[in-house]
Structure formats: C-alpha cells, structure tokens
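All remarks here apply to the structure that follows.
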Amino acid sequence: MKEIVERGATGVILHLFLPDGSSVSGAGRTGVLPGTSGLVIALIRPGDPGPAAYSAAAGTIESIATLGSWVAPTEGRCRWREIDAGLLPGWYELQLPNAWFDATGDRRGVAGMVWGPAGVVPTPFQIQLCDPVRGVGSPTRLDAAISSRAEAAAYTPARAQRLDLLDTPVSSRGDATAANQATLLNRLGPFSGGALNSVFGFLRAALRKDAGLTPGDVQGSFDNATDSLEALAQPGPAVGLSEGERLAIANALLDQVDGVEAGETPRETLRLLRAVCVGKSTGFPHGPVAFRDRADSKNRVVATVDGEGNRQSVATDGT
C-alpha cells in the first residue's frame, strides 16, 4: 500500500489490508486486535538511525474508539482497529502520532510493516510525504540560488568545452576535415558515371537493368541485367504451342472418357448430334427411325417410335 500525505499533516488516518496466509484466494485476515499475540507495527523514515516498533507484547498499540475519528495516541503508542470483518475482511485502521509526519528536516517518506500474528502475511506500506506547494517529493532546492544547486567543481574545463560546442557549427564539432569529407563522398559515389562499387553503384545495380552495371564486389551470381528490380518487372516472353501440341490438346478433350455421359466421349456425342441434325434418315413416320453417318455407311441412331412419333427406345453408335 502507498499513500501520499502532506508533510506536517496532523490527524492522519491510514487503512491497511492484511492478507491471510492460509487463503489460496487472497482473502484478508480478520480478528487482528491491538492485543493479538505477536502483532508488530514497525516504521522508519529516511535518515532515522533505526526503525521504531509498536507491539502487542509491549502494550504500545491502543484501540480506536470510533472509526474515522482520530484521537492522539498516548505518548510512544499508536492506535489500531479492525474496520468490519463482514463487509471488509482483512481491512484495518491505523492512527499514528503526528510526529511521523513532521515538517522539519528533509525526510520524504515513512515506510512500515505490519507482521507477527499467526496467519498474517507480513504487509508493507509506504507513505510519501509531499510539500503542499512544491508537490510530491518536497524538493527543497528549487528556491535556492542556481549556483548552489551543484558544486562548482563539477563543471570541469572538459565539460565546459562540450557546452560551448553547442553554439558552434556542426562541422567544427569533430574531425570533419576536407580529406575525410572527400573520402566519404567518394565512397558514396555519383548518381551517374563510374564508381560501380560505391554505395550509389550498388543501389543503381539493384534498380536498373542496363548492361554492365553489376558491381564487381557483389558476391554470387547476381546480374543486374536479369536480377534488378527493373528486369524482374519486365513481362516474360510469350509462350506458343506447336501445331502438334495444339492437336494433342484438342484430341485429349474430344476423347475424354465419360466426358458427356457415362460411356460417351465428347467426340462420340458430336457424331450422334450430327447424324440426328444433318444426316440421312429412314423409317419415318412409323419407324423404326434411323439416322446415318456422314459417309452413309452406318446407322448412328436407331429409334423405335409409337403412333405419335415418340421415341420408345434408342440405340446409338458414336464410334
């Protein structure tokens, strides 16, 4: 738990939660009274020579008569009370002497621990003391002269020189000599012309497919004429099929087994359709009706019909 309290505050009331060490669900420990065996409330402030403790054994923990109503503890003691075991199990009220929040000195906080009774998990708490004007942490040197905020010895000549450099041109802050600048520019290289093994040369080879731009320092089989971004973006050559390949594809489609109906290829179906649509026929009107192939050498379709001309049975030959 952490509280923020104004430095020099009086009548401070704190609320603490004591976990139950036997609970797997994080429940609070109830029934811890001022006289509970082993109860210790220890506190310390930065700069104190050691912690101070209030304990049930020493009789220095007094009861709180009315929750929320601060009453100054007897000298050398504090006050303690369980808030409500039913509604807030594990929560307790603690009232400390005003001296713990004294405004004198540079103390910036109070740290404490409640521990001791059986089943109570040692519970730390911290109280941050703040200045009502300057805020949390109570800085005390903001109103001091600037020269007193750090020792003059800290500003060595070397540090002063670095501060002075803030006002100088960037080029003069390091060894930006003409020779160094020339070396850097040569390494970068121009956007056009030579310098294949420069930085710009590598970038140009990665982007353009012009012949002869591949830097010699590039490892592997990279060739900007075929592997650059410009080369990869070019459409590939058109793919053509020979007459034999086209014919093979057509025959494969026409002779697809069961391509139209079970037992019929597309080629056979086309032969039957041609015979019925444009081939010679015999047997009309009483049947059987026959439709001939183009060479008039066989019947492609033979159908028996009833008196109305409706087909009753059909025999086909698409071979």
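Letters A, B, ... mark the chains of the structure tokens in the order given; residue numbers begin at 1 per chain; ligand numbers begin at 1, in order shown.
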I want to know what sits within 10 Å of A:Gly21, based on only C-alpha atoms, with residues of the same chain fewer than 5 positions away left out; could you give that as a PDB file with N, CA, C and O atoms, in the first residue's frame?
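And here's around22.pdb as it stands now:
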ATOM      1  N   GLY A  26      -6.559 -15.242  -1.772  1.00  0.00           N
ATOM      2  CA  GLY A  26      -6.173 -13.869  -1.472  1.00  0.00           C
ATOM      3  C   GLY A  26      -7.081 -13.176  -0.476  1.00  0.00           C
ATOM      4  O   GLY A  26      -7.161 -11.946  -0.468  1.00  0.00           O
ATOM      5  N   ALA A  27      -7.774 -13.939   0.350  1.00  0.00           N
ATOM      6  CA  ALA A  27      -8.678 -13.344   1.331  1.00  0.00           C
ATOM      7  C   ALA A  27      -7.887 -12.609   2.404  1.00  0.00           C
ATOM      8  O   ALA A  27      -6.689 -12.832   2.605  1.00  0.00           O
ATOM      9  N   GLY A  28      -8.583 -11.711   3.111  1.00  0.00           N
ATOM     10  CA  GLY A  28      -7.946 -10.956   4.171  1.00  0.00           C
ATOM     11  C   GLY A  28      -8.031 -11.678   5.508  1.00  0.00           C
ATOM     12  O   GLY A  28      -8.929 -12.475   5.762  1.00  0.00           O
ATOM     13  N   ARG A  29      -7.058 -11.364   6.390  1.00  0.00           N
ATOM     14  CA  ARG A  29      -7.022 -11.959   7.724  1.00  0.00           C
ATOM     15  C   ARG A  29      -7.853 -11.107   8.667  1.00  0.00           C
ATOM     16  O   ARG A  29      -7.640  -9.899   8.796  1.00  0.00           O
ATOM     17  N   ALA A 118      -0.297 -15.043  13.953  1.00  0.00           N
ATOM     18  CA  ALA A 118      -0.405 -16.274  13.176  1.00  0.00           C
ATOM     19  C   ALA A 118      -1.367 -16.073  12.005  1.00  0.00           C
ATOM     20  O   ALA A 118      -2.462 -15.531  12.165  1.00  0.00           O
ATOM     21  N   GLY A 119      -0.938 -16.505  10.822  1.00  0.00           N
ATOM     22  CA  GLY A 119      -1.784 -16.427   9.639  1.00  0.00           C
ATOM     23  C   GLY A 119      -1.728 -15.112   8.903  1.00  0.00           C
ATOM     24  O   GLY A 119      -2.315 -14.978   7.829  1.00  0.00           O
ATOM     25  N   VAL A 120      -1.032 -14.116   9.445  1.00  0.00           N
ATOM     26  CA  VAL A 120      -0.952 -12.806   8.789  1.00  0.00           C
ATOM     27  C   VAL A 120       0.289 -12.756   7.897  1.00  0.00           C
ATOM     28  O   VAL A 120       1.403 -13.029   8.355  1.00  0.00           O
ATOM     29  N   VAL A 121       0.076 -12.420   6.628  1.00  0.00           N
ATOM     30  CA  VAL A 121       1.205 -12.218   5.726  1.00  0.00           C
ATOM     31  C   VAL A 121       1.841 -10.866   6.047  1.00  0.00           C
ATOM     32  O   VAL A 121       1.132  -9.856   6.127  1.00  0.00           O
ATOM     33  N   PRO A 122       3.152 -10.810   6.286  1.00  0.00           N
ATOM     34  CA  PRO A 122       3.786  -9.512   6.554  1.00  0.00           C
ATOM     35  C   PRO A 122       3.416  -8.502   5.472  1.00  0.00           C
ATOM     36  O   PRO A 122       3.594  -8.746   4.283  1.00  0.00           O
TER      37      PRO A 122
END
Applying 7 Å and only C-alpha atoms, which residues near stretch 193-207 of chain A remain after dropping the ones on its own chain fewer than 5 positions away? List them as a PyMOL selection string. chain A and resi 187-188+213-217+224+228-230
Selected residues, N, CA and C atoms, written as a PDB file, in the first residue's frame, please.
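Dumped to out34.pdb:
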ATOM      1  N   ARG A 187      33.177   7.368 -51.452  1.00  0.00           N
ATOM      2  CA  ARG A 187      32.598   6.068 -51.119  1.00  0.00           C
ATOM      3  C   ARG A 187      31.119   6.014 -51.488  1.00  0.00           C
ATOM      4  N   LEU A 188      30.419   7.140 -51.324  1.00  0.00           N
ATOM      5  CA  LEU A 188      29.016   7.176 -51.725  1.00  0.00           C
ATOM      6  C   LEU A 188      28.889   7.070 -53.238  1.00  0.00           C
ATOM      7  N   LEU A 213      26.250  -2.778 -65.255  1.00  0.00           N
ATOM      8  CA  LEU A 213      26.148  -2.014 -64.014  1.00  0.00           C
ATOM      9  C   LEU A 213      26.379  -2.865 -62.772  1.00  0.00           C
ATOM     10  N   THR A 214      26.618  -4.164 -62.928  1.00  0.00           N
ATOM     11  CA  THR A 214      26.807  -5.027 -61.760  1.00  0.00           C
ATOM     12  C   THR A 214      28.153  -4.735 -61.109  1.00  0.00           C
ATOM     13  N   PRO A 215      28.170  -4.335 -59.817  1.00  0.00           N
ATOM     14  CA  PRO A 215      29.439  -4.053 -59.144  1.00  0.00           C
ATOM     15  C   PRO A 215      30.293  -5.311 -59.030  1.00  0.00           C
ATOM     16  N   GLY A 216      31.591  -5.133 -59.164  1.00  0.00           N
ATOM     17  CA  GLY A 216      32.484  -6.277 -59.060  1.00  0.00           C
ATOM     18  C   GLY A 216      32.538  -6.865 -57.665  1.00  0.00           C
ATOM     19  N   ASP A 217      32.196  -6.059 -56.642  1.00  0.00           N
ATOM     20  CA  ASP A 217      32.258  -6.551 -55.264  1.00  0.00           C
ATOM     21  C   ASP A 217      31.042  -7.388 -54.878  1.00  0.00           C
ATOM     22  N   ASN A 224      22.651  -7.536 -62.789  1.00  0.00           N
ATOM     23  CA  ASN A 224      21.590  -6.536 -62.784  1.00  0.00           C
ATOM     24  C   ASN A 224      20.747  -6.574 -64.055  1.00  0.00           C
ATOM     25  N   SER A 228      17.823  -7.269 -61.476  1.00  0.00           N
ATOM     26  CA  SER A 228      17.440  -5.998 -60.872  1.00  0.00           C
ATOM     27  C   SER A 228      15.921  -5.873 -60.825  1.00  0.00           C
ATOM     28  N   LEU A 229      15.446  -4.894 -60.069  1.00  0.00           N
ATOM     29  CA  LEU A 229      14.001  -4.685 -59.965  1.00  0.00           C
ATOM     30  C   LEU A 229      13.391  -4.347 -61.322  1.00  0.00           C
ATOM     31  N   GLU A 230      14.095  -3.558 -62.115  1.00  0.00           N
ATOM     32  CA  GLU A 230      13.580  -3.211 -63.436  1.00  0.00           C
ATOM     33  C   GLU A 230      13.481  -4.444 -64.324  1.00  0.00           C
TER      34      GLU A 230
END
For atom CA of A:Gly50 and atom CA of A:Arg79, the interatomic separation in Å (one decimal):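 Computing it gives 21.2 Å between the two atoms.
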Separation of atom CA of A:Gly90 from atom CA of A:Ala53 in Å: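 Here the two named atoms are 21.2 Å from each other.
Of the listed residues A:Tyr92, A:Asp317, A:Leu273, A:Arg107, the one whose atoms come nearest to A:Pro46 is A:Arg107, with distances taken using only C-alpha atoms.
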List as a PDB file with N, CA, C and O atoms, in the first residue's frame the protein and nucleic acid residues near A:Gln126, meaning an atom at most 9 Å away when only C-alpha atoms are counted, but skip any in the same chain fewer than 2 places from it.
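What ended up in selection-v4.pdb:
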ATOM      1  N   MET A   1       0.835  -1.178   0.000  1.00  0.00           N
ATOM      2  CA  MET A   1       0.000   0.000   0.000  1.00  0.00           C
ATOM      3  C   MET A   1       0.877   1.237   0.000  1.00  0.00           C
ATOM      4  O   MET A   1       1.921   1.261   0.642  1.00  0.00           O
ATOM      5  N   LYS A   2       0.469   2.268  -0.726  1.00  0.00           N
ATOM      6  CA  LYS A   2       1.209   3.517  -0.740  1.00  0.00           C
ATOM      7  C   LYS A   2       0.239   4.673  -0.630  1.00  0.00           C
ATOM      8  O   LYS A   2      -0.753   4.737  -1.349  1.00  0.00           O
ATOM      9  N   GLU A   3       0.515   5.572   0.294  1.00  0.00           N
ATOM     10  CA  GLU A   3      -0.291   6.768   0.499  1.00  0.00           C
ATOM     11  C   GLU A   3       0.571   7.994   0.229  1.00  0.00           C
ATOM     12  O   GLU A   3       1.799   7.955   0.358  1.00  0.00           O
ATOM     13  N   ILE A   4      -0.062   9.096  -0.141  1.00  0.00           N
ATOM     14  CA  ILE A   4       0.615  10.383  -0.274  1.00  0.00           C
ATOM     15  C   ILE A   4      -0.008  11.327   0.747  1.00  0.00           C
ATOM     16  O   ILE A   4      -1.221  11.553   0.739  1.00  0.00           O
ATOM     17  N   GLY A 109       9.495  10.485   3.359  1.00  0.00           N
ATOM     18  CA  GLY A 109       8.544   9.390   3.390  1.00  0.00           C
ATOM     19  C   GLY A 109       8.631   8.605   4.678  1.00  0.00           C
ATOM     20  O   GLY A 109       9.557   8.760   5.480  1.00  0.00           O
ATOM     21  N   VAL A 110       7.632   7.749   4.867  1.00  0.00           N
ATOM     22  CA  VAL A 110       7.580   6.842   6.010  1.00  0.00           C
ATOM     23  C   VAL A 110       7.305   5.447   5.459  1.00  0.00           C
ATOM     24  O   VAL A 110       6.368   5.257   4.675  1.00  0.00           O
ATOM     25  N   ALA A 111       8.118   4.485   5.846  1.00  0.00           N
ATOM     26  CA  ALA A 111       7.911   3.102   5.431  1.00  0.00           C
ATOM     27  C   ALA A 111       7.579   2.270   6.650  1.00  0.00           C
ATOM     28  O   ALA A 111       8.086   2.529   7.750  1.00  0.00           O
ATOM     29  N   GLY A 112       6.707   1.289   6.475  1.00  0.00           N
ATOM     30  CA  GLY A 112       6.310   0.487   7.619  1.00  0.00           C
ATOM     31  C   GLY A 112       5.961  -0.937   7.229  1.00  0.00           C
ATOM     32  O   GLY A 112       5.856  -1.285   6.054  1.00  0.00           O
ATOM     33  N   MET A 113       5.777  -1.777   8.248  1.00  0.00           N
ATOM     34  CA  MET A 113       5.426  -3.181   8.048  1.00  0.00           C
ATOM     35  C   MET A 113       4.563  -3.629   9.222  1.00  0.00           C
ATOM     36  O   MET A 113       4.851  -3.324  10.380  1.00  0.00           O
ATOM     37  N   PRO A 124       3.747  -4.729   3.967  1.00  0.00           N
ATOM     38  CA  PRO A 124       4.450  -3.443   3.954  1.00  0.00           C
ATOM     39  C   PRO A 124       3.516  -2.308   3.536  1.00  0.00           C
ATOM     40  O   PRO A 124       2.515  -2.523   2.856  1.00  0.00           O
ATOM     41  N   GLN A 128       4.231   8.523   1.245  1.00  0.00           N
ATOM     42  CA  GLN A 128       5.050   9.538   0.581  1.00  0.00           C
ATOM     43  C   GLN A 128       4.661  10.904   1.123  1.00  0.00           C
ATOM     44  O   GLN A 128       3.491  11.292   1.076  1.00  0.00           O
TER      45      GLN A 128
END
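You will find atom CA of A:Ala250 at 13.8 Å from atom CA of A:Leu270.
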Just list as JSON, numbers by chain whatever in stretch 184-285 of chain A DSSP marks as strand (DSSP E or B). {"A": [261, 264, 281, 282]}
Give me the residues near stretch 292-301 of chain A as number ranges by chain, where near means some atom within 7 Å (using only C-alpha atoms) and where sequence neighbours in that chain fewer than 2 positions away do not count. A: 272, 275, 279-281, 290, 303, 314-318
Create the file for the chosen residues now, containing all heavy atoms and written as a compact mmCIF listing (two decimals), in the first residue's frame.
# COMPACT_ATOMS: atom_id res chain seq x y z
N LEU A 272 -23.14 -38.29 -82.88
CA LEU A 272 -24.56 -38.61 -82.75
C LEU A 272 -25.41 -37.38 -83.05
O LEU A 272 -26.44 -37.48 -83.74
CB LEU A 272 -24.85 -39.13 -81.34
CG LEU A 272 -24.12 -40.42 -80.93
CD1 LEU A 272 -24.44 -40.77 -79.48
CD2 LEU A 272 -24.50 -41.58 -81.85
N ALA A 275 -25.50 -36.72 -86.79
CA ALA A 275 -26.35 -37.65 -87.52
C ALA A 275 -27.81 -37.26 -87.39
O ALA A 275 -28.57 -37.25 -88.39
CB ALA A 275 -26.12 -39.07 -87.01
N GLY A 279 -27.79 -35.68 -90.81
CA GLY A 279 -27.57 -36.93 -91.54
C GLY A 279 -28.83 -37.44 -92.22
O GLY A 279 -29.95 -37.01 -91.93
N LYS A 280 -28.63 -38.38 -93.16
CA LYS A 280 -29.77 -39.02 -93.80
C LYS A 280 -30.57 -39.79 -92.77
O LYS A 280 -30.04 -40.26 -91.76
CB LYS A 280 -29.30 -39.97 -94.90
CG LYS A 280 -28.67 -39.28 -96.10
CD LYS A 280 -28.26 -40.31 -97.15
CE LYS A 280 -27.65 -39.65 -98.38
NZ LYS A 280 -27.27 -40.65 -99.40
N SER A 281 -31.89 -39.94 -93.04
CA SER A 281 -32.75 -40.68 -92.12
C SER A 281 -33.70 -41.57 -92.92
O SER A 281 -34.04 -41.28 -94.06
CB SER A 281 -33.54 -39.72 -91.24
OG SER A 281 -34.39 -38.90 -92.03
N ALA A 290 -34.05 -44.32 -88.43
CA ALA A 290 -32.59 -44.43 -88.40
C ALA A 290 -31.97 -43.14 -88.93
O ALA A 290 -32.46 -42.56 -89.89
CB ALA A 290 -32.12 -45.62 -89.22
N ALA A 303 -34.11 -45.49 -83.57
CA ALA A 303 -35.12 -45.33 -82.53
C ALA A 303 -36.43 -45.96 -82.96
O ALA A 303 -36.86 -45.81 -84.11
CB ALA A 303 -35.32 -43.85 -82.23
N VAL A 314 -33.88 -46.23 -77.97
CA VAL A 314 -32.87 -45.62 -78.83
C VAL A 314 -31.59 -46.43 -78.73
O VAL A 314 -31.13 -46.75 -77.63
CB VAL A 314 -32.60 -44.16 -78.44
CG1 VAL A 314 -31.52 -43.57 -79.35
CG2 VAL A 314 -33.87 -43.32 -78.53
N ALA A 315 -31.01 -46.75 -79.89
CA ALA A 315 -29.70 -47.39 -79.96
C ALA A 315 -28.75 -46.44 -80.66
O ALA A 315 -29.12 -45.82 -81.67
CB ALA A 315 -29.78 -48.71 -80.71
N THR A 316 -27.53 -46.29 -80.12
CA THR A 316 -26.58 -45.34 -80.69
C THR A 316 -25.27 -46.02 -81.02
O THR A 316 -24.90 -47.03 -80.43
CB THR A 316 -26.31 -44.19 -79.69
OG1 THR A 316 -25.73 -44.73 -78.50
CG2 THR A 316 -27.59 -43.45 -79.35
N ASP A 317 -24.54 -45.40 -81.96
CA ASP A 317 -23.20 -45.87 -82.33
C ASP A 317 -22.38 -44.64 -82.69
O ASP A 317 -22.49 -44.08 -83.77
CB ASP A 317 -23.29 -46.83 -83.51
CG ASP A 317 -21.91 -47.39 -83.89
OD1 ASP A 317 -20.90 -46.96 -83.26
OD2 ASP A 317 -21.84 -48.23 -84.79
N GLY A 318 -21.57 -44.18 -81.73
CA GLY A 318 -20.77 -42.98 -81.97
C GLY A 318 -19.35 -43.28 -82.36
O GLY A 318 -18.53 -42.36 -82.46
Give me, as a VMD selection string, all polymer residues having an atom no more than 8 Å from A:Val71, counting only C-alpha atoms and skipping those fewer than 4 positions away in the same chain. chain A and resid 11 64 95
Residue contacts of A:Ala56 (12 Å, only C-alpha atoms) excluding same-chain residues fewer than 3 positions away, as a PyMOL selection string: chain A and resi 32-42+53+59-63+77-80+114-117
From a DSSP pass on the backbone, collect the residues of stretch 204-318 of chain A flagged as alpha helix (DSSP H) and hand them back as a PyMOL selection string. chain A and resi 204-207+224-227+229-232+243-254+266-278
Deliver the residues from the most recent selection as a file, using N, CA, C and O atoms, as a CSV table (one decimal), in the first residue's frame.
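Below you can see part_20.csv, which holds the result:
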chain,number,residue,atom,x,y,z
A,204,ARG,N,22.1,1.5,-57.7
A,204,ARG,CA,21.8,1.6,-59.2
A,204,ARG,C,21.7,0.2,-59.8
A,204,ARG,O,20.7,-0.1,-60.5
A,205,ALA,N,22.6,-0.7,-59.4
A,205,ALA,CA,22.5,-2.1,-59.9
A,205,ALA,C,21.3,-2.8,-59.5
A,205,ALA,O,20.7,-3.6,-60.2
A,206,ALA,N,20.9,-2.5,-58.2
A,206,ALA,CA,19.7,-3.2,-57.7
A,206,ALA,C,18.4,-2.7,-58.4
A,206,ALA,O,17.4,-3.4,-58.5
A,207,LEU,N,18.4,-1.5,-59.0
A,207,LEU,CA,17.2,-0.9,-59.5
A,207,LEU,C,17.2,-1.0,-61.0
A,207,LEU,O,16.1,-1.2,-61.6
A,224,ASN,N,22.7,-7.5,-62.8
A,224,ASN,CA,21.6,-6.5,-62.8
A,224,ASN,C,20.7,-6.6,-64.1
A,224,ASN,O,19.6,-6.2,-64.1
A,225,ALA,N,21.3,-7.1,-65.2
A,225,ALA,CA,20.6,-7.1,-66.4
A,225,ALA,C,19.4,-8.1,-66.3
A,225,ALA,O,18.4,-7.9,-67.0
A,226,THR,N,19.4,-9.1,-65.4
A,226,THR,CA,18.3,-10.0,-65.3
A,226,THR,C,17.7,-10.1,-63.9
A,226,THR,O,16.6,-10.5,-63.7
A,227,ASP,N,18.5,-9.6,-62.9
A,227,ASP,CA,18.0,-9.7,-61.5
A,227,ASP,C,17.6,-8.4,-60.8
A,227,ASP,O,17.2,-8.4,-59.7
A,229,LEU,N,15.4,-4.9,-60.1
A,229,LEU,CA,14.0,-4.7,-60.0
A,229,LEU,C,13.4,-4.3,-61.3
A,229,LEU,O,12.3,-4.8,-61.6
A,230,GLU,N,14.1,-3.6,-62.1
A,230,GLU,CA,13.6,-3.2,-63.4
A,230,GLU,C,13.5,-4.4,-64.3
A,230,GLU,O,12.5,-4.6,-65.1
A,231,ALA,N,14.5,-5.3,-64.3
A,231,ALA,CA,14.5,-6.5,-65.1
A,231,ALA,C,13.4,-7.5,-64.7
A,231,ALA,O,12.6,-8.1,-65.5
A,232,LEU,N,13.2,-7.6,-63.3
A,232,LEU,CA,12.1,-8.5,-62.9
A,232,LEU,C,10.7,-8.0,-63.2
A,232,LEU,O,9.8,-8.8,-63.2
A,243,GLU,N,1.8,-26.9,-83.7
A,243,GLU,CA,0.5,-27.5,-84.3
A,243,GLU,C,0.2,-28.8,-83.6
A,243,GLU,O,-0.9,-29.2,-83.3
A,244,GLY,N,1.3,-29.6,-83.5
A,244,GLY,CA,1.1,-31.0,-82.9
A,244,GLY,C,0.6,-30.9,-81.5
A,244,GLY,O,-0.2,-31.7,-81.0
A,245,GLU,N,1.2,-29.9,-80.7
A,245,GLU,CA,0.7,-29.7,-79.3
A,245,GLU,C,-0.7,-29.3,-79.2
A,245,GLU,O,-1.5,-29.8,-78.4
A,246,ARG,N,-1.1,-28.4,-80.1
A,246,ARG,CA,-2.5,-27.9,-80.1
A,246,ARG,C,-3.4,-29.1,-80.5
A,246,ARG,O,-4.5,-29.2,-79.9
A,247,LEU,N,-3.0,-29.9,-81.5
A,247,LEU,CA,-3.9,-31.0,-81.9
A,247,LEU,C,-4.0,-32.1,-80.8
A,247,LEU,O,-5.1,-32.6,-80.5
A,248,ALA,N,-2.9,-32.3,-80.1
A,248,ALA,CA,-2.9,-33.2,-79.0
A,248,ALA,C,-3.9,-32.8,-77.9
A,248,ALA,O,-4.6,-33.6,-77.3
A,249,ILE,N,-3.9,-31.5,-77.6
A,249,ILE,CA,-4.8,-31.0,-76.6
A,249,ILE,C,-6.2,-31.1,-77.0
A,249,ILE,O,-7.1,-31.5,-76.2
A,250,ALA,N,-6.5,-30.8,-78.3
A,250,ALA,CA,-7.9,-31.0,-78.8
A,250,ALA,C,-8.3,-32.4,-78.7
A,250,ALA,O,-9.5,-32.7,-78.3
A,251,ASN,N,-7.5,-33.4,-79.2
A,251,ASN,CA,-7.9,-34.8,-79.1
A,251,ASN,C,-8.1,-35.3,-77.7
A,251,ASN,O,-9.0,-36.1,-77.4
A,252,ALA,N,-7.3,-34.8,-76.8
A,252,ALA,CA,-7.4,-35.2,-75.4
A,252,ALA,C,-8.8,-34.8,-74.9
A,252,ALA,O,-9.4,-35.5,-74.1
A,253,LEU,N,-9.2,-33.6,-75.3
A,253,LEU,CA,-10.5,-33.1,-74.8
A,253,LEU,C,-11.6,-33.9,-75.5
A,253,LEU,O,-12.6,-34.3,-74.8
A,254,LEU,N,-11.5,-34.1,-76.8
A,254,LEU,CA,-12.6,-34.8,-77.5
A,254,LEU,C,-12.8,-36.2,-77.1
A,254,LEU,O,-13.9,-36.8,-77.1
A,266,PRO,N,-16.8,-36.7,-75.7
A,266,PRO,CA,-17.4,-35.6,-76.4
A,266,PRO,C,-17.4,-35.8,-78.0
A,266,PRO,O,-18.3,-35.4,-78.7
A,267,ARG,N,-16.4,-36.5,-78.5
A,267,ARG,CA,-16.3,-36.8,-79.9
A,267,ARG,C,-17.5,-37.7,-80.4
A,267,ARG,O,-18.2,-37.4,-81.4
A,268,GLU,N,-17.8,-38.7,-79.6
A,268,GLU,CA,-18.9,-39.6,-79.9
A,268,GLU,C,-20.3,-38.8,-79.8
A,268,GLU,O,-21.2,-39.0,-80.7
A,269,THR,N,-20.4,-38.0,-78.8
A,269,THR,CA,-21.6,-37.2,-78.7
A,269,THR,C,-21.8,-36.3,-79.9
A,269,THR,O,-22.9,-36.1,-80.5
A,270,LEU,N,-20.7,-35.7,-80.4
A,270,LEU,CA,-20.8,-34.8,-81.6
A,270,LEU,C,-21.2,-35.6,-82.8
A,270,LEU,O,-22.0,-35.1,-83.6
A,271,ARG,N,-20.8,-36.8,-83.0
A,271,ARG,CA,-21.1,-37.6,-84.1
A,271,ARG,C,-22.6,-38.0,-84.1
A,271,ARG,O,-23.3,-37.9,-85.1
A,272,LEU,N,-23.1,-38.3,-82.9
A,272,LEU,CA,-24.6,-38.6,-82.7
A,272,LEU,C,-25.4,-37.4,-83.0
A,272,LEU,O,-26.4,-37.5,-83.7
A,273,LEU,N,-25.0,-36.2,-82.5
A,273,LEU,CA,-25.7,-35.0,-82.8
A,273,LEU,C,-25.7,-34.7,-84.3
A,273,LEU,O,-26.8,-34.2,-84.8
A,274,ARG,N,-24.6,-34.8,-84.9
A,274,ARG,CA,-24.5,-34.5,-86.4
A,274,ARG,C,-25.5,-35.4,-87.2
A,274,ARG,O,-26.2,-35.0,-88.1
A,275,ALA,N,-25.5,-36.7,-86.8
A,275,ALA,CA,-26.4,-37.7,-87.5
A,275,ALA,C,-27.8,-37.3,-87.4
A,275,ALA,O,-28.6,-37.3,-88.4
A,276,VAL,N,-28.2,-36.9,-86.2
A,276,VAL,CA,-29.6,-36.6,-86.0
A,276,VAL,C,-30.0,-35.3,-86.6
A,276,VAL,O,-31.1,-35.1,-87.2
A,277,CYS,N,-29.0,-34.3,-86.6
A,277,CYS,CA,-29.3,-33.0,-87.1
A,277,CYS,C,-29.2,-32.9,-88.6
A,277,CYS,O,-30.1,-32.2,-89.3
A,278,VAL,N,-28.2,-33.4,-89.2
A,278,VAL,CA,-28.0,-33.2,-90.7
A,278,VAL,C,-27.8,-34.5,-91.5
A,278,VAL,O,-27.6,-34.5,-92.7
